[in-house]
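Contents: one structure, followed by commentary.
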Amino acid sequence: MSKLIRGISKNARFWVIDSTELVSKAQEIHKMSPTALAAFGRLITAGSMMGTNLKGEDILTLRIDSNGPIKQMVVTASSKGEVKGYVANPVADMPLKSNGQPNVAEVIGQGTLRIIKDMGFRNSEPYVGVSNLQTSEIAEDIAYYFFTSEQTPTVIALGVSLNNDMTVKSAGGYMIQLLPGAEDSFIDKLENKIKGIRTITELLDGGMSPERIAKLLYEDMESENPNDLVEEYEVLEEIDSIYKCNCSREKFYKGIVTLGQEEINKILEEENKIEVECQFCGTKYKYGKEDFEENKVN
Ligand SMILES: [Zn+2]
């Protein structure tokens with residue numbers, strides 16, 4: 001489980017997550033190249049923070065379609081901290097950039113970020129927001145989306161660091177959204193702070209918890225007392241964020257049935273079985289002739 005906290009202060013709302021376990025689980029399932037892992041790890045970390053804005057059974061989807069080798073990434077998140085996702089081309093890779101960072105921008109290329117909010121029974125049409133990728137580094141692209149589509153100034157940092165054997169060393173992120181009418185002095189101090197602190201993975205590698213990182217973000221650098229805060233804040237909720245797929249044998253069965261009896265018979269004749277694999281979690285489901293006898297297919 002990955003620990004996510006969200007909270008509020010006079011001028012902003014904030015989220016901090018240590019998503020190391022979540023991203024490790026995603027890597028176990030999708031077996032990504034180092035660059036794809038960095039890209040997807042950032043997206044799923046963002047998704048788990050953004051999902052906590054949802055209500056009840058709502059589902060949030062973040063989808064990147066692009067012209068780089070990774071082609072497409074999808075992450076869905078629930079309000080309860082459950083996330084899952086898939087990568088169209090998990091083996092897409094790039095040499096490291098000259099500063100030693102994974103070349104996420106190149107593996108993604110140019111494209112669009114879609115944010116889809118499915119509000120279940122309350123609204124049959126899902127909300128869809130689309131924006132063009134700006135840097136293809138993901139954090140800036142999400143900030144741009146929030147600013148242009150939801151008029152919400154947002155600071156977001158996302159990171160994944162790897163061990164020498166290419167396993168996940170740490171992953172995490174923070175997000176700060178200004179509330180309407182936020183004071184200029186707060187914005188100035190926040191901008192200064194973000195410039196002055198280490199990257200999210202450096203903070204996590206240094207042993208900082210999400211709570212400690214939240215405090216770091218609110219510490220007043222101009223004050224002589226290191227315990228002074230720019231403003232008081234409150235942690236509203238602690239959420240265990242997990243990689244969880246809700247697929248089932250029945251769900252896939254219903255999907256296959258929509259192919260129609262004729263098509264089903266054809267596949268069964270050719271292959272003697274119908275096998276499907278969930279692209280979110282890798283679970284394989286196998287169906288035989290007996291599953292599609294006339295009285296079972298309606
Ligand atoms: Zn699944």
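To be explicit about the labels: the chains of the structure tokens are called A, B, and onward in the order shown, and within each one the residues are counted from 1, while ligands get numbers from 1 in the order they are shown.
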
Residues at most 6 Å from Val16 of chain A, counting only C-alpha atoms, excluding those fewer than 2 positions away in the same chain, as a compact mmCIF listing (two decimals) with C-alpha atoms, in the first residue's frame?
# COMPACT_ATOMS: atom_id res chain seq x y z
CA LEU A 4 -1.44 9.37 0.39
CA ILE A 5 -2.42 12.39 2.44
CA GLY A 173 4.48 13.19 -5.87
CA TYR A 174 2.82 16.26 -4.46
CA PRO A 210 4.27 12.37 3.13

Using 10 Å as the limit and counting only C-alpha atoms and all ligand atoms, can you tabulate each residue of chain A that touches ligand 1, with its shortest atom-to-atom distance in Å and the two atoms involved, as a tab-separated table?
residue	atom	partner	partner_atom_place_in_ligand_line	distance
A:Lys84	CA	ligand 1	1 (Zn)	8.6
A:Gly85	CA	ligand 1	1 (Zn)	9.5
A:Lys244	CA	ligand 1	1 (Zn)	8.0
A:Cys245	CA	ligand 1	1 (Zn)	4.6
A:Asn246	CA	ligand 1	1 (Zn)	5.9
A:Cys247	CA	ligand 1	1 (Zn)	4.2
A:Ser248	CA	ligand 1	1 (Zn)	7.0
A:Arg249	CA	ligand 1	1 (Zn)	9.6
A:Lys251	CA	ligand 1	1 (Zn)	10.0
A:Phe252	CA	ligand 1	1 (Zn)	9.6
A:Glu277	CA	ligand 1	1 (Zn)	7.9
A:Cys278	CA	ligand 1	1 (Zn)	4.6
A:Gln279	CA	ligand 1	1 (Zn)	6.6
A:Phe280	CA	ligand 1	1 (Zn)	5.0
A:Cys281	CA	ligand 1	1 (Zn)	4.1
A:Gly282	CA	ligand 1	1 (Zn)	6.2
A:Thr283	CA	ligand 1	1 (Zn)	5.7
A:Lys284	CA	ligand 1	1 (Zn)	8.5
A:Tyr285	CA	ligand 1	1 (Zn)	9.9

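Every protein or nucleic acid residue with an atom no more than 9 Å from Val107 of chain A, counting only C-alpha atoms and leaving out same-chain residues fewer than 6 positions away, appears here: A:Thr35, A:Ala36, A:Ala39, A:Asn67, A:Gly68, A:Pro69, A:Ile70, A:Lys71, A:Ala92, A:Asp93, A:Met94, A:Ser136.
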
Original post:
Contacts of segment 155-165 of chain A at 9 Å or less, counting only C-alpha atoms, minus same-chain residues fewer than 5 places along, as an MDAnalysis selection string?
Top reply: chainID A and resid 19:20 23 34 37:39 41:43 45:46 101 138:140 142:143 170:178 191 194 199:202 205

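For the pair atom CA of Ile242 of chain A and atom CA of Ser209 of chain A, the separation is 17.2 Å.
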
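Around Lys80 of chain A, within 8 Å and counting only C-alpha atoms, the residues found are Gly51, Thr52, Ile239 and Ser241 of chain A, once anything fewer than 5 positions away on its own chain is removed.
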
Original post:
What are the DSSP strand (DSSP E) residues of segment 33-99 of chain A, as a ChimeraX atom specification?
Top reply: /A:59-66,72-78,82-87

**OP:** Report the residues of segment 24-198 of chain A whose backbone DSSP state falls under helix (DSSP H, G or I), written as JSON, numbers by chain.
**Re:** {"A": [24, 25, 26, 27, 28, 29, 30, 34, 35, 36, 37, 38, 39, 40, 41, 42, 43, 44, 45, 46, 47, 48, 49, 50, 51, 104, 105, 106, 107, 108, 120, 121, 122, 139, 140, 141, 142, 143, 144, 145, 146, 147, 148, 149, 150, 184, 185, 186, 187, 188, 189, 190, 191, 192, 193, 194, 195, 196]}

**OP:** Could you give me, as a PyMOL selection string, the residues within 8 Å of segment 124-133 of chain A, counting only C-alpha atoms and dropping anything in the same chain fewer than 2 positions from it?
**Re:** chain A and resi 110-122+135-136+138+141+144-145+148-149

Selection to disk with N, CA and C atoms, as a CSV table (one decimal), in the first residue's frame:
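Everything below was put into result-v7.csv:
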chain,number,residue,atom,x,y,z
A,110,GLN,N,4.7,13.9,-28.9
A,110,GLN,CA,3.6,14.9,-28.8
A,110,GLN,C,2.3,14.2,-28.8
A,111,GLY,N,1.3,14.9,-28.2
A,111,GLY,CA,0.0,14.3,-28.2
A,111,GLY,C,-1.0,15.0,-27.3
A,112,THR,N,-1.9,14.3,-26.8
A,112,THR,CA,-3.0,14.9,-25.9
A,112,THR,C,-3.1,14.2,-24.6
A,113,LEU,N,-3.6,15.0,-23.6
A,113,LEU,CA,-3.9,14.4,-22.3
A,113,LEU,C,-5.4,14.6,-22.2
A,114,ARG,N,-6.1,13.4,-21.9
A,114,ARG,CA,-7.5,13.5,-21.7
A,114,ARG,C,-7.8,13.2,-20.2
A,115,ILE,N,-8.7,13.9,-19.7
A,115,ILE,CA,-9.2,13.7,-18.3
A,115,ILE,C,-10.7,13.4,-18.4
A,116,ILE,N,-11.0,12.2,-18.0
A,116,ILE,CA,-12.4,11.7,-18.2
A,116,ILE,C,-13.0,11.4,-16.8
A,117,LYS,N,-14.1,12.1,-16.5
A,117,LYS,CA,-14.7,11.8,-15.2
A,117,LYS,C,-16.1,11.2,-15.4
A,118,ASP,N,-16.2,9.9,-15.0
A,118,ASP,CA,-17.4,9.2,-15.1
A,118,ASP,C,-18.2,9.2,-13.8
A,119,MET,N,-19.3,9.9,-13.9
A,119,MET,CA,-20.0,10.2,-12.7
A,119,MET,C,-21.2,9.2,-12.4
A,120,GLY,N,-21.0,8.0,-13.0
A,120,GLY,CA,-22.0,6.9,-12.8
A,120,GLY,C,-23.4,7.3,-13.1
A,121,PHE,N,-24.3,7.0,-12.1
A,121,PHE,CA,-25.7,7.2,-12.3
A,121,PHE,C,-26.2,8.6,-12.3
A,122,ARG,N,-25.4,9.5,-11.7
A,122,ARG,CA,-25.8,10.9,-11.5
A,122,ARG,C,-25.8,11.6,-12.8
A,135,THR,N,5.1,19.7,-22.3
A,135,THR,CA,6.5,19.3,-22.3
A,135,THR,C,6.6,17.8,-22.4
A,136,SER,N,5.5,17.0,-22.3
A,136,SER,CA,5.4,15.6,-22.3
A,136,SER,C,6.2,15.0,-21.1
A,138,ILE,N,4.7,15.1,-18.2
A,138,ILE,CA,3.5,14.7,-17.4
A,138,ILE,C,3.1,15.7,-16.3
A,141,ASP,N,2.2,18.9,-17.9
A,141,ASP,CA,1.1,18.7,-18.7
A,141,ASP,C,-0.2,18.7,-17.9
A,144,TYR,N,-0.9,22.2,-16.8
A,144,TYR,CA,-1.5,23.0,-17.9
A,144,TYR,C,-2.9,22.6,-18.1
A,145,TYR,N,-3.3,21.3,-18.0
A,145,TYR,CA,-4.7,20.9,-18.1
A,145,TYR,C,-5.5,21.6,-17.0
A,148,THR,N,-5.9,25.4,-17.9
A,148,THR,CA,-6.7,25.8,-19.0
A,148,THR,C,-8.1,25.2,-19.0
A,149,SER,N,-8.3,24.0,-18.5
A,149,SER,CA,-9.6,23.4,-18.5
A,149,SER,C,-10.4,23.6,-17.2

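Residues in contact range of Met73 of chain A, defined as at most 6 Å between only C-alpha atoms, with sequence neighbours fewer than 4 positions away removed, read A:Arg63, A:Ile64, A:Tyr86, A:Val87.
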
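Between atom CA of Gly109 of chain A and atom CA of Thr154 of chain A the interatomic distance comes to 22.9 Å.
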
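When only C-alpha atoms are used to measure the gap to Thr76 of chain A, the shortest distance among A:Glu271, A:Glu232, A:Asp58, A:Asp188 belongs to A:Asp58.
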
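Take atom CA of Ser79 of chain A and atom CA of Asp65 of chain A: the distance between them is 24.0 Å.
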
Taking only residues of segment 180-272 of chain A that have an atom at most 8 Å from an atom of segment 287-293 of chain A, what is each one's shortest atom pair and its distance in Å to one decimal, using only C-alpha atoms, in chain and number order, as a Markdown table?
| residue | atom | partner | partner_atom | distance |
| --- | --- | --- | --- | --- |
| A:Gln261 | CA | A:Phe292 | CA | 8.0 |
| A:Ile264 | CA | A:Phe292 | CA | 8.0 |
| A:Leu268 | CA | A:Lys289 | CA | 6.6 |
| A:Asn272 | CA | A:Gly288 | CA | 6.9 |

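Residue nearest Glu82 of chain A within the list A:Pro102, A:Met32, A:Phe147, A:Ser2: A:Ser2 [criterion: smallest interatomic distance, only C-alpha atoms].
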